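Inspection log for the structure reproduced underneath, given as structure tokens.
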Amino acid sequence: MLGKLLKHEFRATGRIMLPMLGALALLAGMANLSFRGIEYTDSVIVNLILGFVIVLFFLGLFAAAVLSVVIVVYRFYKNLLRDEGYLMFTLPVSVHSLVWSKLIAACCWILLTALVCTGLLLLTVFNLAADMGLEEILRFLPTIGETIREAIEQTALSSWDLVGYCVEGLLGVLALCMCQCLLFYAAMAIGHSFAKNKVLLSILFFIAIRFGIQLLEALIGVIANRLGLDSVVLFEQTEVLRFMHGFLITMTVQGLVQGALLYLLTVLPLKKGLNLD
């Protein structure tokens, strides 16, 4: 049943996200042409128009990032906390499946938006086509791989180190993304368990939970400093590669623990029943 929920969720969110990403790609192409056009024209009016297109592209990047978060919040609010919640909670599925369908789709769209925005930004800002022909670009690309290979050899990175960094980094990013989504979900779920002032309480709980997480992180840092755990990491583990593995694993575990706590704060109010409008 989770698969059907995911299919419906991706279809519903895709109607908004895919056109938005397509429009952003079109803006990126126009901005790329504008960068090159500014170099070949002296007209003030034309430069103003081209500059406006470039500014519009950067505003589009910001809007895409904001929209991806808004979609995360709105879909959870609309489907589970408003009138549609009556129908959703009567389906023969568990609360866990409902939450996971929202969470998986949200993380996928946020990560996809981040990748697309980063790629379009690099293609637009690092405007190779303005200074290099196609043949020069094709000759330049293989040198990137050679440079990376030489850098890896100089740092004594093994294949297992590379695989480990990729896996640890991916898990860390996923844990961070899930925590950010669950932070909104938990605040809204708790706030809507009350009969009145649900939106206001959701905002207050969001601030309170966020403050609690920051306070807990600061407390852990103080305890580690008092016990000298930071010195152990920095001085006994002299190998930089080993330290980086430890750092990435620690950040991932911390994110997973926070995510588990936020998940409980989301699921428990939903299981106990909400005051749906």
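Each chain in the structure tokens gets a letter, A, B and so on, in the order shown; residues start at 1 in every chain, and ligands are counted from 1 in the order they appear.
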
request  = Name the residues in contact with stretch 198-206 of chain A at a cut-off of 10 Å, using only C-alpha atoms, excluding same-chain residues fewer than 2 positions from it; report them as a VMD selection string.
outcome  = chain A and resid 81 183 to 196 208 to 212 275 to 277

query = Could you name the residues that touch stretch 93-101 of chain A at 9 Å or less, counting only C-alpha atoms, but leaving out those on the same chain fewer than 3 positions away, as a PyMOL selection string?
reply = chain A and resi 1-3+5-7+9+76+80+88-90+104-106+185+263+266-267+270-271

ask   = Can you tell me, as a ChimeraX atom specification, what residues are no more than 9 Å from A:Leu123 when counting only C-alpha atoms, ignoring any on the same chain fewer than 5 positions away?
value = /A:28-29,32,118,128

Export of the given selection (C-alpha atoms) as a PDB file, in the first residue's frame:
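selection_33.pdb, written as the output of this step:
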```pdb
ATOM      1  CA  ALA A  28      19.031  29.159 -17.025  1.00  0.00           C
ATOM      2  CA  GLY A  29      19.378  28.943 -20.811  1.00  0.00           C
ATOM      3  CA  ASN A  32      23.491  31.857 -20.155  1.00  0.00           C
ATOM      4  CA  THR A 118      23.254  23.499  -8.406  1.00  0.00           C
ATOM      5  CA  LEU A 128      32.683  28.033 -20.596  1.00  0.00           C
TER       6      LEU A 128
END
```

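Of note, atom CA of A:Phe52 and atom CA of A:Ala25 are spaced 16.4 Å apart.
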